[in-house]
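Single-structure report; data block below.
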Amino acid sequence: MTDKSTEITVSAQGLSRKFGGHTAVSGINLELKRGEILGFLGPNGAGKTTTMQMLTGNLAASSGAISICGIDLFERPTAAKARIGYLPEHPPLYRELTVREYVDLAARLHRVAKSARSAAVGNALARCGLGDVAQKLIGTLSKGYQQRVGIAQAVVHHPDVVILDEPTVGLDPNQIREIRNLIRELGANYSVILSTHILPEVETVCDRVQILHHGATVFSDTIAGLKQFHGGRMVLVGLKRPPAVGEIAAISGIASVEPDGGNLYRVSFADNADPTENLVRRAVEKSWGLYQLSPAQSSLEDVFVQLTRKEETSP
Amino acid sequence: MIFTIAGKELKALFASPLAWVVLTFMQIVLAFGFLKRLDDFMQIQPQLIQVPNPPGITELVVGPVYATTAVVLLFAVPLLAMRLIAEERRNQTMVLLVSAPLSMTEIVLGKFIGLMGLLLLVVGITTLMPLSLLLGGRLDFGLLASLIIGVALLAACFAAVALYASCLTEHPFAAAMIAFGLLLGMLLAGETAADGLRGRGWPVPAALAQVLSPLKNFETFAKGVLDSYSIACMLLLIATFLILAIRRLDAVRLRG
């Protein structure tokens, strides 16, 4: 028996897609192991959806290769597709069916054996919290429930890989939290690929992150690596009686200080240093009036700025 | 797997009001024609008895019922078939089918068989009218069988063309108009071209033109002749348009 934790479920090499003369995706590589959640991060139009469409066989790739659990998607599409569950950006729901009918149809289409179908449908409904609305028409459900039906459809046949395209868009905060919990549960059994343009979402849910920009990968690392990269070494400091910027910057371990409007300062740490304690002690000694000290939240934009700046400055 | 899709389509057809409306009006039109013909037949029956070897009720009443069915199908099938693919693409539900472990061939055949299920039901209901004549008379079952087979094949031809039209656009109504235009054009062109080409002594183009004219092929069935040539022409037309539909959907996947 193969070792579950190192089994590679999705592998894509040099994936490219052109629409006429426009290149939507160029040379994307990705690899995913069982039980991993990969976040696809990028602004709108970065090529996330195009990549997912190619991974699920909805769109032919201009070049590159995809294999799902070792099965080539282009050579044996039906065998490969049987191992994928896909929730596109717009859930493909039939509004005139009830939730149970719809999930049952999805199970039939994915060739779930007749004897196992009823149990599989019940399991998917229970898992996605749809037990109470199983007999309702999909068209009458709220957006959050419709999104869950979409996820139920993607997992009913126990796929090895679940691909979710922006699963939390258009939901309210409570629904977003529920869906994220659901995705984390899925991650325990399946490989999950998740696309989003919200940075905190990736940080709370995913194990690894791949950032796309203009159809190319600009960053690919673990979540720890991402945090290290964009915000782990920066704090936001609020001082009532601020000294000159140079005085703060003089504290050992601080690399740079930038005013951030009002009495707020963005303080970047030097590599492998944590001068927070020094900073607090100095603030008390000099009576700067420290009233705020928080890790600086960087937005996706900041990460992009850093990524692109890094590329420019590196030789 | 094909039948899973066919079942889903049949269910969707009956879930929409369109199918019921179309079926209702078809029945009204056909029943009216049937009763009119029957009335005429009752009136001329005394004179018919004096003719040696007179035409029977199957020829005079039942035949025209199926001829009317053929014409009504020409209008009804584009409407019934328009949403098969077009609406799935517009509502972005096509993804569910394409992402499932199915080939395009299975998807197209499933949709075709689902629509044929409804159309065969139409033919079945239509057949109840001639069968009601058994209460007071006898029928020519040979001719009746030939008519039923002919009209079913004709419906299949229309369905294949309309299914292809539904693959061409994301707007169901545009798909219906395309299907109707294609069918009408094919009938007119095939009708005149087939005879014209044969008259000029070009048998092969004439045969091809006949393939494109399902209503002309239906005429042999209406005479009570099961002509293998006509059957082959119709099957060829069905296969051609189903293959075109499959290729068209594959092209959507390739071009995006």
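By order of appearance in the structure tokens: chains A, B, ..., then residues from 1 within every chain, and ligands from 1 in the order shown.
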
| message | I want to know what sits within 10 Å of A:Ser11, based on only C-alpha atoms, with residues of the same chain fewer than 2 positions away left out; could you give that as a list in words? | response |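 The filter keeps Ile8, Thr9, Gln13, Asn29, Leu30, Glu31, Leu32, Lys33, Leu55, Ala65, Ile66, Ser67, Ile68, Cys69, Gly70, Ile71 and Asp72 of chain A.
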
With N, CA and C atoms retained, write the just-selected residues as a PDB file, in the first residue's frame.
```pdb
ATOM      1  N   ILE A   8       1.198  11.596  -4.529  1.00  0.00           N
ATOM      2  CA  ILE A   8       0.923  12.818  -5.295  1.00  0.00           C
ATOM      3  C   ILE A   8      -0.386  12.648  -6.058  1.00  0.00           C
ATOM      4  N   THR A   9      -1.334  13.538  -5.834  1.00  0.00           N
ATOM      5  CA  THR A   9      -2.647  13.393  -6.463  1.00  0.00           C
ATOM      6  C   THR A   9      -2.793  14.255  -7.711  1.00  0.00           C
ATOM      7  N   GLN A  13       2.467  20.163 -15.354  1.00  0.00           N
ATOM      8  CA  GLN A  13       3.751  20.710 -15.785  1.00  0.00           C
ATOM      9  C   GLN A  13       3.592  21.631 -16.988  1.00  0.00           C
ATOM     10  N   ASN A  29       3.395  25.287 -13.088  1.00  0.00           N
ATOM     11  CA  ASN A  29       3.649  23.947 -12.572  1.00  0.00           C
ATOM     12  C   ASN A  29       2.977  23.848 -11.221  1.00  0.00           C
ATOM     13  N   LEU A  30       2.371  22.699 -10.953  1.00  0.00           N
ATOM     14  CA  LEU A  30       1.921  22.519  -9.576  1.00  0.00           C
ATOM     15  C   LEU A  30       1.883  21.052  -9.214  1.00  0.00           C
ATOM     16  N   GLU A  31       2.027  20.798  -7.937  1.00  0.00           N
ATOM     17  CA  GLU A  31       2.051  19.430  -7.444  1.00  0.00           C
ATOM     18  C   GLU A  31       1.360  19.423  -6.092  1.00  0.00           C
ATOM     19  N   LEU A  32       0.541  18.413  -5.881  1.00  0.00           N
ATOM     20  CA  LEU A  32      -0.258  18.392  -4.670  1.00  0.00           C
ATOM     21  C   LEU A  32      -0.250  16.980  -4.107  1.00  0.00           C
ATOM     22  N   LYS A  33      -0.057  16.885  -2.779  1.00  0.00           N
ATOM     23  CA  LYS A  33      -0.084  15.567  -2.139  1.00  0.00           C
ATOM     24  C   LYS A  33      -1.434  15.348  -1.482  1.00  0.00           C
ATOM     25  N   LEU A  55      -7.447  22.057 -15.290  1.00  0.00           N
ATOM     26  CA  LEU A  55      -7.239  20.909 -14.385  1.00  0.00           C
ATOM     27  C   LEU A  55      -8.442  19.982 -14.367  1.00  0.00           C
ATOM     28  N   ALA A  65       1.169  19.334 -19.443  1.00  0.00           N
ATOM     29  CA  ALA A  65       0.627  18.020 -19.122  1.00  0.00           C
ATOM     30  C   ALA A  65       0.005  18.042 -17.737  1.00  0.00           C
ATOM     31  N   ILE A  66      -1.077  17.290 -17.581  1.00  0.00           N
ATOM     32  CA  ILE A  66      -1.741  17.194 -16.277  1.00  0.00           C
ATOM     33  C   ILE A  66      -1.935  15.722 -15.979  1.00  0.00           C
ATOM     34  N   SER A  67      -1.595  15.301 -14.764  1.00  0.00           N
ATOM     35  CA  SER A  67      -1.985  13.946 -14.393  1.00  0.00           C
ATOM     36  C   SER A  67      -2.637  13.970 -13.021  1.00  0.00           C
ATOM     37  N   ILE A  68      -3.725  13.216 -12.920  1.00  0.00           N
ATOM     38  CA  ILE A  68      -4.500  13.123 -11.686  1.00  0.00           C
ATOM     39  C   ILE A  68      -4.286  11.717 -11.134  1.00  0.00           C
ATOM     40  N   CYS A  69      -3.659  11.604  -9.969  1.00  0.00           N
ATOM     41  CA  CYS A  69      -3.332  10.295  -9.388  1.00  0.00           C
ATOM     42  C   CYS A  69      -2.618   9.418 -10.409  1.00  0.00           C
ATOM     43  N   GLY A  70      -1.731  10.016 -11.188  1.00  0.00           N
ATOM     44  CA  GLY A  70      -0.962   9.252 -12.154  1.00  0.00           C
ATOM     45  C   GLY A  70      -1.676   8.956 -13.455  1.00  0.00           C
ATOM     46  N   ILE A  71      -2.926   9.443 -13.602  1.00  0.00           N
ATOM     47  CA  ILE A  71      -3.662   9.214 -14.850  1.00  0.00           C
ATOM     48  C   ILE A  71      -3.593  10.475 -15.692  1.00  0.00           C
ATOM     49  N   ASP A  72      -3.158  10.338 -16.938  1.00  0.00           N
ATOM     50  CA  ASP A  72      -3.027  11.503 -17.801  1.00  0.00           C
ATOM     51  C   ASP A  72      -4.409  12.019 -18.195  1.00  0.00           C
TER      52      ASP A  72
END
```

| task | Please provide the set of residues having any atom within 9 Å of B:Ser99, restricted to only C-alpha atoms, with same-chain residues fewer than 6 positions apart removed, written as a list in words. | result |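 Counting only C-alpha atoms, the residues come to Thr56, Gly57, Asn58, Thr78, Lys81, Ala82, Ile84, Gly85 and Tyr86 of chain A.
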
| task | Fewer than 6 positions away in the same chain doesn't count, so skip those; otherwise give me all residues within 9 Å of A:Ala216, counting only C-alpha atoms, as a list in words. | result |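 So, after excluding close chain neighbours, the residues are Ala24, Val25, Ser26, Gly27, Ile28, Ala46 and Gly47 of chain A.
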
| request: Residues of chain A no more than 10 Å from chain B, counting only C-alpha atoms: send them over as a PyMOL selection string. | output: chain A and resi 17-20+50+53-62+76-97+102+105-111+150+153-154

| said: Can you pull out the residues contacting stretch 272-282 of chain A? Cut-off 10 Å, using only C-alpha atoms, and skip same-chain residues under 2 positions away; I want them as a PyMOL selection string. | reply: chain A and resi 233-235+237+248-249+251-255+267-270+284-288+290+293

| task | Please provide as a PyMOL selection string all residues within 12 Å of stretch 116-128 of chain A, with the sequence filter that same-chain residues fewer than 5 positions apart are discarded (counting only C-alpha atoms). | result | chain A and resi 99-111+133-135+144-159+175+178-183+185-186

| message | To test your reading of the structure, identify every residue in stretch 99-247 of chain A that backbone DSSP assigns to alpha helix (DSSP H), and report it as a PyMOL selection string. | response | chain A and resi 99-109+114-127+143-155+173-189+199-205+223-230+245-247

| How would you write, as number ranges by chain, the set of residues in stretch 222-258 of chain A that DSSP gives as strand (DSSP E or B)? | A: 222, 234-239, 254-258

Restricting the output to C-alpha atoms, write the selected residues as a PDB file, in the first residue's frame.
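Wrote it out as out39.pdb, contents follow:
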```
ATOM      1  CA  THR A 222       4.074  26.989   2.532  1.00  0.00           C
ATOM      2  CA  MET A 234       6.540  43.963  10.683  1.00  0.00           C
ATOM      3  CA  VAL A 235       4.528  45.640  13.433  1.00  0.00           C
ATOM      4  CA  LEU A 236       2.317  48.663  13.559  1.00  0.00           C
ATOM      5  CA  VAL A 237       3.227  50.962  16.458  1.00  0.00           C
ATOM      6  CA  GLY A 238       1.054  53.805  17.779  1.00  0.00           C
ATOM      7  CA  LEU A 239       2.773  56.494  19.860  1.00  0.00           C
ATOM      8  CA  ILE A 254      14.877  47.375  13.644  1.00  0.00           C
ATOM      9  CA  ALA A 255      15.561  47.638   9.969  1.00  0.00           C
ATOM     10  CA  SER A 256      13.348  50.520   8.973  1.00  0.00           C
ATOM     11  CA  VAL A 257      10.514  52.744  10.170  1.00  0.00           C
ATOM     12  CA  GLU A 258       7.873  54.295   7.969  1.00  0.00           C
TER      13      GLU A 258
END
```

| Quick one: residues within 7 Å of stretch 190-196 of chain A, only C-alpha atoms counted, chain neighbours fewer than 3 positions away excluded, as a PyMOL selection string? | chain A and resi 32-42+48+160-166+186-187

| message | Measuring between only C-alpha atoms, which one of B:Gln47, B:Leu18, B:Ala6, B:Gly56 shows the shortest distance to B:Gly137? | response |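 Result for the nearest residue to B:Gly137: B:Gly56.
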
| said: Residues within 9 Å of B:Ala160, please, as a ChimeraX atom specification. Count only C-alpha atoms; anything in the same chain fewer than 5 positions from it doesn't count. | reply: /B:112,155,165,237-242,245

| atom CA of B:Leu212 to atom CA of B:Leu109: how many Å, to one decimal? | 20.8 Å

| field | Between atom CA of B:Leu184 and atom CA of B:Val151 - distance in Å to one decimal | value |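 Rounded to one decimal, the two atoms are 17.0 Å apart.
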
| request: State, in Å with one decimal place, the distance from atom CA of B:Ala206 to atom CA of B:Cys233. | output: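 Atom CA of B:Cys233 lies 11.7 Å from atom CA of B:Ala206.
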